[in-house]
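Engineer: Below is the structure I would like to discuss, written out as structure tokens.
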Amino acid sequence: AGRNFVITGHEAEVGPDQSTVTLTGDVRLTASDGLTAHAGSASYSDGEGVVRAPGPGEFARARLSGAGVGMSYDKNRDVLWLLDKALIRLAPDAAGTGGIEVTAGAAGLARQEKYLRFERGVTMLRSGQVVESDQALAFLSDDEQRIEAIELRGNSRIRAPGGAAGTLQAMNARDINLAYGPEAALLQHATLAGGA
């Protein structure tokens with residue numbers, strides 16, 4: 001995708017033929033398109049093209065950010081994973097809409113394919129709704145600044161506590177697909193499958 005990245009730390013240990021690097025102390029990764037990541041320590045294998053950080057880590061790009069315990073970034077596939085206790089946030093846009101906060105056992109950002117994957121129990125807070133499922137995929141717009149669709153898989157449910165009369169109160173099914181319009185907060189279509 002034509003992206004380059006620079007990784008820095010306070011100390012570095014370089015392996016044979018410079019094929020591996022271990023960095024400790026305020027490790028920072030900066031990609032040429034604005035993606036940044038931060039961790040206490042990390043290692044990089046040139047053969048794999050993967051940066052791994054075993055402890056707490058975080059990333060950010062524009063309105064999208066995340067944190068978790070254990071992080072990996074595959075530069076060839078342009079995929080970033082938070083391996084445990086993942087928290088992902090998409091901040092609201094300039095109009096104050098489209099924000100979402102997601103917690104999950106693990107979360108992956110596939111930047112070339114423009115999606116977020118959530119695993120091991122998912123809770124999303126979005127526009128006054130609580131969305132829960134075993135797993136989920138959230139499809140991003142080309143600029144990664146808006147969620148266009150969400151696929152919930154396994155024990156899927158949506159609740160809108162305190163919603164006004166005539167608005168969505170609750171939705172339950174094994175699987176639920178949600179499609180959003182150009183105005184990020186507006187749900188255009190929902191499909192429920194299995195025990196709806």
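Each chain of the structure tokens is named A, B, ... in the order shown, its residues numbered from 1; ligands are numbered from 1 in display order.
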In region 94-193 of chain A, what's strand (DSSP E or B) per DSSP? Answer as a compact mmCIF listing (two decimals) with all heavy atoms, in the first residue's frame?
Structural biologist:
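Saved as out35.txt:
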# COMPACT_ATOMS: atom_id res chain seq x y z
N ILE A 100 -18.40 5.57 18.60
CA ILE A 100 -18.66 4.22 19.11
C ILE A 100 -17.50 3.82 20.01
O ILE A 100 -16.35 4.22 19.80
CB ILE A 100 -18.84 3.21 17.95
CG1 ILE A 100 -19.30 1.85 18.47
CG2 ILE A 100 -17.57 3.09 17.12
CD1 ILE A 100 -19.74 0.89 17.37
N GLU A 101 -17.81 3.06 21.07
CA GLU A 101 -16.80 2.49 21.96
C GLU A 101 -17.05 1.00 22.04
O GLU A 101 -18.18 0.58 22.28
CB GLU A 101 -16.88 3.15 23.33
CG GLU A 101 -15.83 2.62 24.29
CD GLU A 101 -15.83 3.38 25.61
OE1 GLU A 101 -15.54 4.59 25.61
OE2 GLU A 101 -16.15 2.74 26.64
N VAL A 102 -16.01 0.21 21.83
CA VAL A 102 -16.16 -1.25 21.77
C VAL A 102 -15.15 -1.90 22.72
O VAL A 102 -13.96 -1.57 22.67
CB VAL A 102 -15.92 -1.79 20.34
CG1 VAL A 102 -16.22 -3.29 20.29
CG2 VAL A 102 -16.75 -1.03 19.32
N THR A 103 -15.62 -2.81 23.56
CA THR A 103 -14.72 -3.64 24.36
C THR A 103 -14.88 -5.08 23.89
O THR A 103 -15.97 -5.51 23.51
CB THR A 103 -15.03 -3.55 25.86
OG1 THR A 103 -16.39 -3.90 26.09
CG2 THR A 103 -14.77 -2.14 26.39
N ALA A 104 -13.77 -5.82 23.90
CA ALA A 104 -13.79 -7.22 23.46
C ALA A 104 -12.56 -7.92 24.01
O ALA A 104 -11.61 -7.28 24.47
CB ALA A 104 -13.78 -7.29 21.93
N GLY A 105 -12.60 -9.26 23.96
CA GLY A 105 -11.43 -10.03 24.38
C GLY A 105 -10.23 -9.73 23.52
O GLY A 105 -9.10 -9.67 24.00
N ALA A 106 -10.46 -9.52 22.22
CA ALA A 106 -9.40 -9.19 21.27
C ALA A 106 -10.01 -8.39 20.12
O ALA A 106 -11.21 -8.52 19.84
CB ALA A 106 -8.73 -10.46 20.73
N ALA A 107 -9.18 -7.58 19.47
CA ALA A 107 -9.67 -6.77 18.35
C ALA A 107 -8.57 -6.63 17.31
O ALA A 107 -7.40 -6.46 17.65
CB ALA A 107 -10.11 -5.38 18.84
N GLY A 108 -8.98 -6.70 16.05
CA GLY A 108 -8.04 -6.54 14.94
C GLY A 108 -8.51 -5.47 13.98
O GLY A 108 -9.71 -5.35 13.71
N LEU A 109 -7.57 -4.68 13.49
CA LEU A 109 -7.84 -3.65 12.49
C LEU A 109 -7.13 -4.06 11.21
O LEU A 109 -5.91 -4.07 11.15
CB LEU A 109 -7.33 -2.29 12.98
CG LEU A 109 -7.28 -1.14 11.96
CD1 LEU A 109 -8.67 -0.85 11.39
CD2 LEU A 109 -6.68 0.11 12.59
N ALA A 110 -7.92 -4.43 10.18
CA ALA A 110 -7.38 -4.80 8.87
C ALA A 110 -7.53 -3.58 7.98
O ALA A 110 -8.62 -3.30 7.47
CB ALA A 110 -8.12 -6.00 8.30
N TYR A 115 -11.78 -3.15 7.76
CA TYR A 115 -12.70 -3.65 8.76
C TYR A 115 -12.02 -3.81 10.11
O TYR A 115 -10.79 -3.91 10.21
CB TYR A 115 -13.36 -4.97 8.32
CG TYR A 115 -12.45 -6.17 8.26
CD1 TYR A 115 -12.11 -6.88 9.40
CD2 TYR A 115 -11.96 -6.63 7.04
CE1 TYR A 115 -11.28 -8.00 9.35
CE2 TYR A 115 -11.15 -7.75 6.96
CZ TYR A 115 -10.81 -8.43 8.12
OH TYR A 115 -10.00 -9.53 8.06
N LEU A 116 -12.84 -3.83 11.16
CA LEU A 116 -12.43 -4.15 12.52
C LEU A 116 -13.06 -5.49 12.89
O LEU A 116 -14.25 -5.70 12.64
CB LEU A 116 -12.93 -3.09 13.51
CG LEU A 116 -12.26 -1.72 13.44
CD1 LEU A 116 -13.17 -0.65 14.02
CD2 LEU A 116 -10.93 -1.74 14.19
N ARG A 117 -12.27 -6.40 13.46
CA ARG A 117 -12.79 -7.69 13.92
C ARG A 117 -12.70 -7.72 15.45
O ARG A 117 -11.67 -7.36 16.01
CB ARG A 117 -11.98 -8.85 13.34
CG ARG A 117 -12.44 -10.22 13.86
CD ARG A 117 -11.59 -11.35 13.31
NE ARG A 117 -11.72 -11.48 11.88
CZ ARG A 117 -12.70 -12.14 11.27
NH1 ARG A 117 -13.64 -12.73 11.98
NH2 ARG A 117 -12.74 -12.23 9.96
N PHE A 118 -13.79 -8.17 16.08
CA PHE A 118 -13.84 -8.27 17.53
C PHE A 118 -14.15 -9.71 17.91
O PHE A 118 -15.04 -10.32 17.33
CB PHE A 118 -14.91 -7.33 18.10
CG PHE A 118 -14.70 -5.89 17.73
CD1 PHE A 118 -15.42 -5.32 16.69
CD2 PHE A 118 -13.77 -5.12 18.41
CE1 PHE A 118 -15.23 -4.00 16.34
CE2 PHE A 118 -13.57 -3.79 18.05
CZ PHE A 118 -14.30 -3.23 17.02
N GLU A 119 -13.44 -10.24 18.92
CA GLU A 119 -13.59 -11.64 19.32
C GLU A 119 -13.69 -11.76 20.84
O GLU A 119 -13.29 -10.85 21.56
CB GLU A 119 -12.41 -12.47 18.80
CG GLU A 119 -12.30 -12.48 17.28
CD GLU A 119 -11.13 -13.31 16.78
OE1 GLU A 119 -10.28 -13.71 17.60
OE2 GLU A 119 -11.07 -13.54 15.56
N ARG A 120 -14.23 -12.92 21.28
CA ARG A 120 -14.28 -13.29 22.70
C ARG A 120 -15.14 -12.34 23.54
O ARG A 120 -14.71 -11.86 24.56
CB ARG A 120 -12.87 -13.42 23.29
CG ARG A 120 -11.99 -14.41 22.56
CD ARG A 120 -10.77 -14.86 23.33
NE ARG A 120 -10.14 -13.88 24.17
CZ ARG A 120 -9.05 -13.18 23.84
NH1 ARG A 120 -8.50 -13.32 22.64
NH2 ARG A 120 -8.52 -12.34 24.71
N GLY A 121 -16.36 -12.10 23.09
CA GLY A 121 -17.29 -11.28 23.85
C GLY A 121 -17.16 -9.82 23.49
O GLY A 121 -16.12 -9.21 23.74
N VAL A 122 -18.21 -9.26 22.90
CA VAL A 122 -18.15 -7.91 22.35
C VAL A 122 -19.27 -7.07 22.95
O VAL A 122 -20.42 -7.51 23.01
CB VAL A 122 -18.33 -7.94 20.81
CG1 VAL A 122 -18.21 -6.53 20.23
CG2 VAL A 122 -17.32 -8.88 20.16
N THR A 123 -18.94 -5.87 23.41
CA THR A 123 -19.93 -4.89 23.85
C THR A 123 -19.63 -3.57 23.15
O THR A 123 -18.50 -3.07 23.23
CB THR A 123 -19.90 -4.67 25.37
OG1 THR A 123 -20.17 -5.92 26.02
CG2 THR A 123 -20.95 -3.65 25.80
N MET A 124 -20.64 -3.04 22.45
CA MET A 124 -20.51 -1.77 21.74
C MET A 124 -21.48 -0.76 22.35
O MET A 124 -22.64 -1.10 22.58
CB MET A 124 -20.85 -1.92 20.26
CG MET A 124 -20.02 -2.92 19.51
SD MET A 124 -20.53 -2.99 17.76
CE MET A 124 -19.37 -4.20 17.14
N LEU A 125 -21.01 0.44 22.57
CA LEU A 125 -21.86 1.55 22.99
C LEU A 125 -21.90 2.53 21.83
O LEU A 125 -20.87 3.08 21.43
CB LEU A 125 -21.30 2.23 24.24
CG LEU A 125 -21.07 1.30 25.44
CD1 LEU A 125 -20.44 2.07 26.59
CD2 LEU A 125 -22.36 0.63 25.87
N ARG A 126 -23.13 2.75 21.29
CA ARG A 126 -23.26 3.57 20.08
C ARG A 126 -24.60 4.28 20.08
O ARG A 126 -25.64 3.63 20.13
CB ARG A 126 -23.13 2.69 18.84
CG ARG A 126 -23.27 3.43 17.53
CD ARG A 126 -23.29 2.46 16.36
NE ARG A 126 -23.52 3.18 15.13
CZ ARG A 126 -22.58 3.56 14.27
NH1 ARG A 126 -21.32 3.28 14.52
NH2 ARG A 126 -22.89 4.21 13.18
N GLN A 129 -27.30 3.16 22.30
CA GLN A 129 -27.61 1.73 22.22
C GLN A 129 -26.46 0.90 22.81
O GLN A 129 -25.29 1.29 22.72
CB GLN A 129 -27.82 1.30 20.77
CG GLN A 129 -29.01 1.93 20.10
CD GLN A 129 -29.15 1.49 18.64
OE1 GLN A 129 -28.22 0.94 18.06
NE2 GLN A 129 -30.31 1.75 18.08
N VAL A 130 -26.82 -0.23 23.42
CA VAL A 130 -25.85 -1.21 23.88
C VAL A 130 -25.97 -2.42 22.96
O VAL A 130 -27.03 -3.03 22.86
CB VAL A 130 -26.11 -1.63 25.34
CG1 VAL A 130 -25.08 -2.66 25.79
CG2 VAL A 130 -26.10 -0.41 26.25
N VAL A 131 -24.89 -2.75 22.26
CA VAL A 131 -24.87 -3.84 21.29
C VAL A 131 -23.92 -4.91 21.81
O VAL A 131 -22.78 -4.60 22.16
CB VAL A 131 -24.40 -3.33 19.91
CG1 VAL A 131 -24.36 -4.47 18.90
CG2 VAL A 131 -25.28 -2.19 19.42
N GLU A 132 -24.40 -6.17 21.88
CA GLU A 132 -23.57 -7.25 22.41
C GLU A 132 -23.63 -8.46 21.49
O GLU A 132 -24.66 -8.74 20.89
CB GLU A 132 -24.06 -7.64 23.81
CG GLU A 132 -23.94 -6.53 24.83
CD GLU A 132 -24.61 -6.87 26.14
OE1 GLU A 132 -25.84 -7.08 26.14
OE2 GLU A 132 -23.89 -6.93 27.15
N SER A 133 -22.51 -9.19 21.41
CA SER A 133 -22.46 -10.44 20.65
C SER A 133 -21.20 -11.20 21.03
O SER A 133 -20.31 -10.67 21.71
CB SER A 133 -22.50 -10.18 19.14
OG SER A 133 -21.32 -9.51 18.74
N GLN A 135 -19.03 -12.40 18.70
CA GLN A 135 -18.03 -11.88 17.76
C GLN A 135 -18.68 -10.81 16.90
O GLN A 135 -19.91 -10.78 16.76
CB GLN A 135 -17.52 -13.00 16.84
CG GLN A 135 -16.89 -14.17 17.54
CD GLN A 135 -16.47 -15.24 16.54
OE1 GLN A 135 -15.69 -14.98 15.65
NE2 GLN A 135 -17.01 -16.44 16.70
N ALA A 136 -17.86 -9.97 16.28
CA ALA A 136 -18.42 -8.94 15.41
C ALA A 136 -17.39 -8.48 14.39
O ALA A 136 -16.18 -8.54 14.63
CB ALA A 136 -18.90 -7.74 16.23
N LEU A 137 -17.91 -8.02 13.25
CA LEU A 137 -17.12 -7.34 12.23
C LEU A 137 -17.75 -5.97 12.01
O LEU A 137 -18.96 -5.86 11.87
CB LEU A 137 -17.16 -8.10 10.89
CG LEU A 137 -16.23 -9.28 10.69
CD1 LEU A 137 -16.52 -9.94 9.34
CD2 LEU A 137 -14.78 -8.85 10.76
N ALA A 138 -16.91 -4.94 11.98
CA ALA A 138 -17.39 -3.59 11.68
C ALA A 138 -16.66 -3.12 10.42
O ALA A 138 -15.43 -3.09 10.40
CB ALA A 138 -17.11 -2.64 12.84
N PHE A 139 -17.40 -2.80 9.37
CA PHE A 139 -16.81 -2.41 8.10
C PHE A 139 -16.68 -0.89 8.05
O PHE A 139 -17.64 -0.16 8.29
CB PHE A 139 -17.66 -2.93 6.94
CG PHE A 139 -17.69 -4.43 6.88
CD1 PHE A 139 -18.68 -5.14 7.53
CD2 PHE A 139 -16.71 -5.13 6.22
CE1 PHE A 139 -18.70 -6.53 7.52
CE2 PHE A 139 -16.71 -6.51 6.18
CZ PHE A 139 -17.70 -7.22 6.83
N LEU A 140 -15.48 -0.43 7.72
CA LEU A 140 -15.16 0.99 7.74
C LEU A 140 -15.27 1.61 6.35
O LEU A 140 -15.07 0.94 5.34
CB LEU A 140 -13.72 1.20 8.25
CG LEU A 140 -13.44 0.74 9.67
CD1 LEU A 140 -11.94 0.66 9.92
CD2 LEU A 140 -14.11 1.65 10.67
N ILE A 147 -18.24 3.97 10.34
CA ILE A 147 -18.65 2.57 10.26
C ILE A 147 -19.85 2.48 9.33
O ILE A 147 -20.86 3.15 9.55
CB ILE A 147 -18.96 2.00 11.65
CG1 ILE A 147 -17.66 1.89 12.45
CG2 ILE A 147 -19.64 0.64 11.54
CD1 ILE A 147 -17.83 1.40 13.86
N GLU A 148 -19.74 1.67 8.28
CA GLU A 148 -20.80 1.54 7.30
C GLU A 148 -21.72 0.36 7.59
O GLU A 148 -22.90 0.38 7.22
CB GLU A 148 -20.20 1.40 5.89
CG GLU A 148 -19.42 2.64 5.47
CD GLU A 148 -18.88 2.54 4.05
OE1 GLU A 148 -18.61 1.41 3.58
OE2 GLU A 148 -18.72 3.60 3.42
N ALA A 149 -21.18 -0.68 8.24
CA ALA A 149 -22.00 -1.87 8.53
C ALA A 149 -21.36 -2.63 9.68
O ALA A 149 -20.14 -2.54 9.90
CB ALA A 149 -22.11 -2.77 7.30
N ILE A 150 -22.20 -3.37 10.42
CA ILE A 150 -21.72 -4.22 11.50
C ILE A 150 -22.38 -5.58 11.37
O ILE A 150 -23.59 -5.66 11.16
CB ILE A 150 -22.05 -3.61 12.89
CG1 ILE A 150 -21.35 -2.26 13.07
CG2 ILE A 150 -21.65 -4.56 14.01
CD1 ILE A 150 -21.75 -1.52 14.34
N GLU A 151 -21.60 -6.65 11.47
CA GLU A 151 -22.11 -8.01 11.50
C GLU A 151 -21.87 -8.59 12.89
O GLU A 151 -20.72 -8.69 13.32
CB GLU A 151 -21.41 -8.88 10.45
CG GLU A 151 -21.71 -8.47 9.02
CD GLU A 151 -21.02 -9.36 8.00
OE1 GLU A 151 -20.23 -10.26 8.42
OE2 GLU A 151 -21.26 -9.16 6.80
N LEU A 152 -22.95 -8.93 13.59
CA LEU A 152 -22.88 -9.53 14.91
C LEU A 152 -23.09 -11.03 14.77
O LEU A 152 -24.03 -11.45 14.09
CB LEU A 152 -23.95 -8.93 15.82
CG LEU A 152 -23.97 -7.40 15.94
CD1 LEU A 152 -25.21 -6.95 16.71
CD2 LEU A 152 -22.70 -6.89 16.59
N ARG A 153 -22.25 -11.84 15.41
CA ARG A 153 -22.34 -13.28 15.28
C ARG A 153 -22.35 -13.94 16.65
O ARG A 153 -21.39 -13.83 17.41
CB ARG A 153 -21.16 -13.82 14.44
CG ARG A 153 -21.17 -13.34 12.99
CD ARG A 153 -22.37 -13.90 12.26
NE ARG A 153 -22.49 -13.45 10.90
CZ ARG A 153 -23.25 -12.44 10.49
NH1 ARG A 153 -23.97 -11.75 11.37
NH2 ARG A 153 -23.33 -12.12 9.21
N GLY A 154 -23.46 -14.63 16.97
CA GLY A 154 -23.57 -15.39 18.21
C GLY A 154 -24.14 -14.57 19.35
O GLY A 154 -23.54 -13.57 19.75
N ASN A 155 -25.30 -14.99 19.87
CA ASN A 155 -25.92 -14.33 21.04
C ASN A 155 -26.01 -12.82 20.86
O ASN A 155 -25.64 -12.04 21.74
CB ASN A 155 -25.14 -14.66 22.32
CG ASN A 155 -25.16 -16.14 22.64
OD1 ASN A 155 -26.23 -16.74 22.73
ND2 ASN A 155 -23.99 -16.73 22.77
N SER A 156 -26.50 -12.39 19.72
CA SER A 156 -26.52 -10.97 19.37
C SER A 156 -27.75 -10.29 19.95
O SER A 156 -28.85 -10.82 19.88
CB SER A 156 -26.52 -10.82 17.84
OG SER A 156 -25.43 -11.51 17.27
N ARG A 157 -27.54 -9.12 20.52
CA ARG A 157 -28.66 -8.35 21.08
C ARG A 157 -28.33 -6.86 21.07
O ARG A 157 -27.18 -6.46 21.22
CB ARG A 157 -29.00 -8.83 22.48
CG ARG A 157 -27.85 -8.85 23.45
CD ARG A 157 -28.09 -9.82 24.60
NE ARG A 157 -26.88 -10.01 25.37
CZ ARG A 157 -25.94 -10.91 25.10
NH1 ARG A 157 -26.07 -11.71 24.05
NH2 ARG A 157 -24.88 -11.01 25.86
N ILE A 158 -29.38 -6.08 20.92
CA ILE A 158 -29.27 -4.63 20.92
C ILE A 158 -30.31 -4.10 21.88
O ILE A 158 -31.48 -4.48 21.82
CB ILE A 158 -29.50 -4.05 19.51
CG1 ILE A 158 -28.47 -4.62 18.53
CG2 ILE A 158 -29.44 -2.52 19.53
CD1 ILE A 158 -28.75 -4.28 17.09
N ARG A 159 -29.89 -3.25 22.80
CA ARG A 159 -30.80 -2.62 23.75
C ARG A 159 -30.64 -1.11 23.65
O ARG A 159 -29.54 -0.61 23.41
CB ARG A 159 -30.49 -3.06 25.18
CG ARG A 159 -30.71 -4.54 25.44
CD ARG A 159 -30.34 -4.94 26.86
NE ARG A 159 -28.88 -4.95 27.05
CZ ARG A 159 -28.22 -4.14 27.87
NH1 ARG A 159 -28.85 -3.23 28.58
NH2 ARG A 159 -26.91 -4.22 27.99
N ALA A 170 -35.42 -2.96 21.76
CA ALA A 170 -34.57 -4.14 21.89
C ALA A 170 -34.68 -4.99 20.63
O ALA A 170 -35.69 -4.97 19.93
CB ALA A 170 -34.97 -4.96 23.09
N MET A 171 -33.60 -5.74 20.35
CA MET A 171 -33.54 -6.63 19.21
C MET A 171 -32.64 -7.80 19.61
O MET A 171 -31.56 -7.58 20.16
CB MET A 171 -32.93 -5.85 18.03
CG MET A 171 -33.08 -6.46 16.67
SD MET A 171 -32.22 -5.45 15.38
CE MET A 171 -33.11 -3.91 15.45
N ASN A 172 -33.09 -9.03 19.39
CA ASN A 172 -32.31 -10.21 19.76
C ASN A 172 -32.35 -11.24 18.64
O ASN A 172 -33.40 -11.45 18.04
CB ASN A 172 -32.90 -10.87 21.02
CG ASN A 172 -32.82 -9.98 22.22
OD1 ASN A 172 -31.80 -9.91 22.88
ND2 ASN A 172 -33.92 -9.31 22.52
N ALA A 173 -31.23 -11.89 18.38
CA ALA A 173 -31.15 -12.99 17.43
C ALA A 173 -29.78 -13.65 17.58
O ALA A 173 -28.89 -13.10 18.23
CB ALA A 173 -31.35 -12.50 16.00
N ARG A 174 -29.62 -14.80 16.96
CA ARG A 174 -28.30 -15.42 16.95
C ARG A 174 -27.32 -14.49 16.23
O ARG A 174 -26.25 -14.17 16.74
CB ARG A 174 -28.35 -16.79 16.25
CG ARG A 174 -27.01 -17.53 16.25
CD ARG A 174 -27.03 -18.73 15.31
NE ARG A 174 -27.19 -18.30 13.93
CZ ARG A 174 -28.13 -18.75 13.09
NH1 ARG A 174 -28.99 -19.66 13.47
NH2 ARG A 174 -28.19 -18.30 11.85
N ASP A 175 -27.70 -14.04 15.03
CA ASP A 175 -26.87 -13.17 14.21
C ASP A 175 -27.68 -11.96 13.78
O ASP A 175 -28.86 -12.08 13.45
CB ASP A 175 -26.36 -13.90 12.96
CG ASP A 175 -25.59 -15.16 13.29
OD1 ASP A 175 -24.91 -15.20 14.34
OD2 ASP A 175 -25.66 -16.11 12.50
N ILE A 176 -27.04 -10.79 13.75
CA ILE A 176 -27.69 -9.57 13.29
C ILE A 176 -26.72 -8.81 12.39
O ILE A 176 -25.54 -8.66 12.72
CB ILE A 176 -28.11 -8.65 14.47
CG1 ILE A 176 -29.07 -9.37 15.41
CG2 ILE A 176 -28.72 -7.35 13.96
CD1 ILE A 176 -29.43 -8.57 16.67
N ASN A 177 -27.22 -8.36 11.23
CA ASN A 177 -26.46 -7.48 10.35
C ASN A 177 -27.08 -6.09 10.39
O ASN A 177 -28.29 -5.95 10.26
CB ASN A 177 -26.48 -7.99 8.90
CG ASN A 177 -25.70 -9.27 8.72
OD1 ASN A 177 -24.95 -9.68 9.60
ND2 ASN A 177 -25.88 -9.92 7.59
N LEU A 178 -26.25 -5.08 10.54
CA LEU A 178 -26.69 -3.69 10.62
C LEU A 178 -26.02 -2.89 9.52
O LEU A 178 -24.80 -2.98 9.34
CB LEU A 178 -26.33 -3.08 11.98
CG LEU A 178 -26.82 -3.84 13.21
CD1 LEU A 178 -26.16 -3.30 14.48
CD2 LEU A 178 -28.33 -3.76 13.31
N ALA A 179 -26.79 -2.10 8.78
CA ALA A 179 -26.24 -1.23 7.73
C ALA A 179 -26.58 0.21 8.07
O ALA A 179 -27.72 0.52 8.41
CB ALA A 179 -26.82 -1.60 6.37
N TYR A 180 -25.56 1.08 7.98
CA TYR A 180 -25.73 2.49 8.33
C TYR A 180 -25.63 3.35 7.08
O TYR A 180 -24.90 3.02 6.14
CB TYR A 180 -24.67 2.92 9.35
CG TYR A 180 -24.85 2.22 10.68
CD1 TYR A 180 -24.20 1.01 10.94
CD2 TYR A 180 -25.68 2.74 11.65
CE1 TYR A 180 -24.38 0.36 12.15
CE2 TYR A 180 -25.88 2.08 12.86
CZ TYR A 180 -25.22 0.90 13.10
OH TYR A 180 -25.41 0.23 14.29
N LEU A 187 -29.30 4.15 11.41
CA LEU A 187 -29.42 2.76 11.00
C LEU A 187 -30.40 2.69 9.83
O LEU A 187 -31.54 3.13 9.95
CB LEU A 187 -29.92 1.90 12.17
CG LEU A 187 -30.16 0.44 11.87
CD1 LEU A 187 -28.86 -0.26 11.51
CD2 LEU A 187 -30.79 -0.25 13.09
N GLN A 188 -29.95 2.15 8.68
CA GLN A 188 -30.81 2.07 7.52
C GLN A 188 -31.52 0.73 7.41
O GLN A 188 -32.63 0.64 6.93
CB GLN A 188 -29.99 2.31 6.24
CG GLN A 188 -29.68 3.75 5.96
CD GLN A 188 -29.15 3.94 4.55
OE1 GLN A 188 -28.49 3.06 4.00
NE2 GLN A 188 -29.42 5.10 3.97
N HIS A 189 -30.81 -0.34 7.84
CA HIS A 189 -31.36 -1.69 7.59
C HIS A 189 -30.80 -2.65 8.64
O HIS A 189 -29.63 -2.57 9.00
CB HIS A 189 -30.94 -2.14 6.19
CG HIS A 189 -31.56 -3.43 5.77
ND1 HIS A 189 -32.87 -3.55 5.38
CD2 HIS A 189 -31.04 -4.67 5.70
CE1 HIS A 189 -33.12 -4.80 5.06
NE2 HIS A 189 -32.03 -5.51 5.25
N ALA A 190 -31.64 -3.56 9.11
CA ALA A 190 -31.21 -4.61 10.04
C ALA A 190 -31.75 -5.94 9.56
O ALA A 190 -32.91 -6.04 9.15
CB ALA A 190 -31.71 -4.30 11.45
N THR A 191 -30.92 -6.97 9.59
CA THR A 191 -31.34 -8.32 9.24
C THR A 191 -31.04 -9.23 10.44
O THR A 191 -29.91 -9.23 10.93
CB THR A 191 -30.57 -8.84 8.01
OG1 THR A 191 -30.74 -7.93 6.93
CG2 THR A 191 -31.07 -10.21 7.59
N LEU A 192 -32.05 -9.98 10.90
CA LEU A 192 -31.90 -10.87 12.04
C LEU A 192 -32.04 -12.32 11.56
O LEU A 192 -32.90 -12.61 10.74
CB LEU A 192 -32.97 -10.58 13.10
CG LEU A 192 -32.81 -9.27 13.90
CD1 LEU A 192 -33.18 -8.07 13.07
CD2 LEU A 192 -33.64 -9.33 15.17
N ALA A 193 -31.19 -13.20 12.10
CA ALA A 193 -31.25 -14.61 11.71
C ALA A 193 -31.08 -15.48 12.94
O ALA A 193 -30.16 -15.30 13.72
CB ALA A 193 -30.13 -14.91 10.70
Engineer: Leaving out Asp143 (chain A) and any residue of its chain fewer than 6 positions from it, which residues lie within 10 Å of it when counting only C-alpha atoms, given as a PDB file with C-alpha atoms, in the first residue's frame?
Structural biologist:
ATOM      1  CA  ALA A  62      -7.323  10.388  13.286  1.00  0.00           C
ATOM      2  CA  ARG A 111      -6.557  -1.536   7.174  1.00  0.00           C
ATOM      3  CA  LYS A 114     -11.212  -1.696   5.888  1.00  0.00           C
TER       4      LYS A 114
END
Engineer: Find, counting only C-alpha atoms, the residue in A:Asp17, A:Asp142, A:Asp78, A:Glu58 that gets nearest to His38 (chain A).
Structural biologist: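 Among the listed residues, A:Glu58 lies closest to His38 (chain A).
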Engineer: Neighbours of Ala91 (chain A) within 7 Å (only C-alpha atoms; same-chain residues fewer than 5 positions away dropped), as a PyMOL selection string?
Structural biologist: chain A and resi 63-64+99-100
Engineer: Would you mind exporting the chosen residues as a PDB file, in the first residue's frame, restricted to all heavy atoms?
Structural biologist:
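again.pdb, written as the output of this step:
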ATOM      1  N   ARG A  63      -9.599   9.824  14.088  1.00  0.00           N
ATOM      2  CA  ARG A  63     -10.637   9.615  15.104  1.00  0.00           C
ATOM      3  C   ARG A  63     -10.633   8.211  15.699  1.00  0.00           C
ATOM      4  O   ARG A  63     -11.311   7.951  16.691  1.00  0.00           O
ATOM      5  CB  ARG A  63     -12.014   9.900  14.499  1.00  0.00           C
ATOM      6  CG  ARG A  63     -12.238  11.369  14.163  1.00  0.00           C
ATOM      7  CD  ARG A  63     -13.516  11.576  13.341  1.00  0.00           C
ATOM      8  NE  ARG A  63     -14.633  10.816  13.855  1.00  0.00           N
ATOM      9  CZ  ARG A  63     -15.550  10.223  13.077  1.00  0.00           C
ATOM     10  NH1 ARG A  63     -15.474  10.301  11.764  1.00  0.00           N
ATOM     11  NH2 ARG A  63     -16.542   9.550  13.623  1.00  0.00           N
ATOM     12  N   LEU A  64      -9.878   7.279  15.109  1.00  0.00           N
ATOM     13  CA  LEU A  64      -9.871   5.885  15.546  1.00  0.00           C
ATOM     14  C   LEU A  64      -8.704   5.647  16.498  1.00  0.00           C
ATOM     15  O   LEU A  64      -7.567   6.021  16.201  1.00  0.00           O
ATOM     16  CB  LEU A  64      -9.754   4.972  14.320  1.00  0.00           C
ATOM     17  CG  LEU A  64      -9.885   3.473  14.549  1.00  0.00           C
ATOM     18  CD1 LEU A  64     -11.286   3.122  15.048  1.00  0.00           C
ATOM     19  CD2 LEU A  64      -9.578   2.727  13.261  1.00  0.00           C
ATOM     20  N   GLY A  99     -19.928   8.302  16.813  1.00  0.00           N
ATOM     21  CA  GLY A  99     -18.987   7.774  17.791  1.00  0.00           C
ATOM     22  C   GLY A  99     -19.389   6.386  18.256  1.00  0.00           C
ATOM     23  O   GLY A  99     -20.562   6.031  18.285  1.00  0.00           O
ATOM     24  N   ILE A 100     -18.397   5.572  18.604  1.00  0.00           N
ATOM     25  CA  ILE A 100     -18.658   4.225  19.112  1.00  0.00           C
ATOM     26  C   ILE A 100     -17.501   3.825  20.013  1.00  0.00           C
ATOM     27  O   ILE A 100     -16.349   4.219  19.796  1.00  0.00           O
ATOM     28  CB  ILE A 100     -18.838   3.209  17.946  1.00  0.00           C
ATOM     29  CG1 ILE A 100     -19.297   1.846  18.468  1.00  0.00           C
ATOM     30  CG2 ILE A 100     -17.573   3.093  17.119  1.00  0.00           C
ATOM     31  CD1 ILE A 100     -19.738   0.887  17.367  1.00  0.00           C
TER      32      ILE A 100
END
Engineer: So what do you get for CA of Ala196 (chain A) versus CA of Arg146 (chain A), distance-wise?
Structural biologist: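 Atom-to-atom, CA of Ala196 (chain A) and CA of Arg146 (chain A) are spaced 27.3 Å apart.
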Engineer: Contacts of Pro16 (chain A) at 12 Å or less, counting only C-alpha atoms, minus same-chain residues fewer than 4 places along, as a list in words?
Structural biologist: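 That gives Thr20, Val21, Thr22, Ser45 and Asp46 of chain A.
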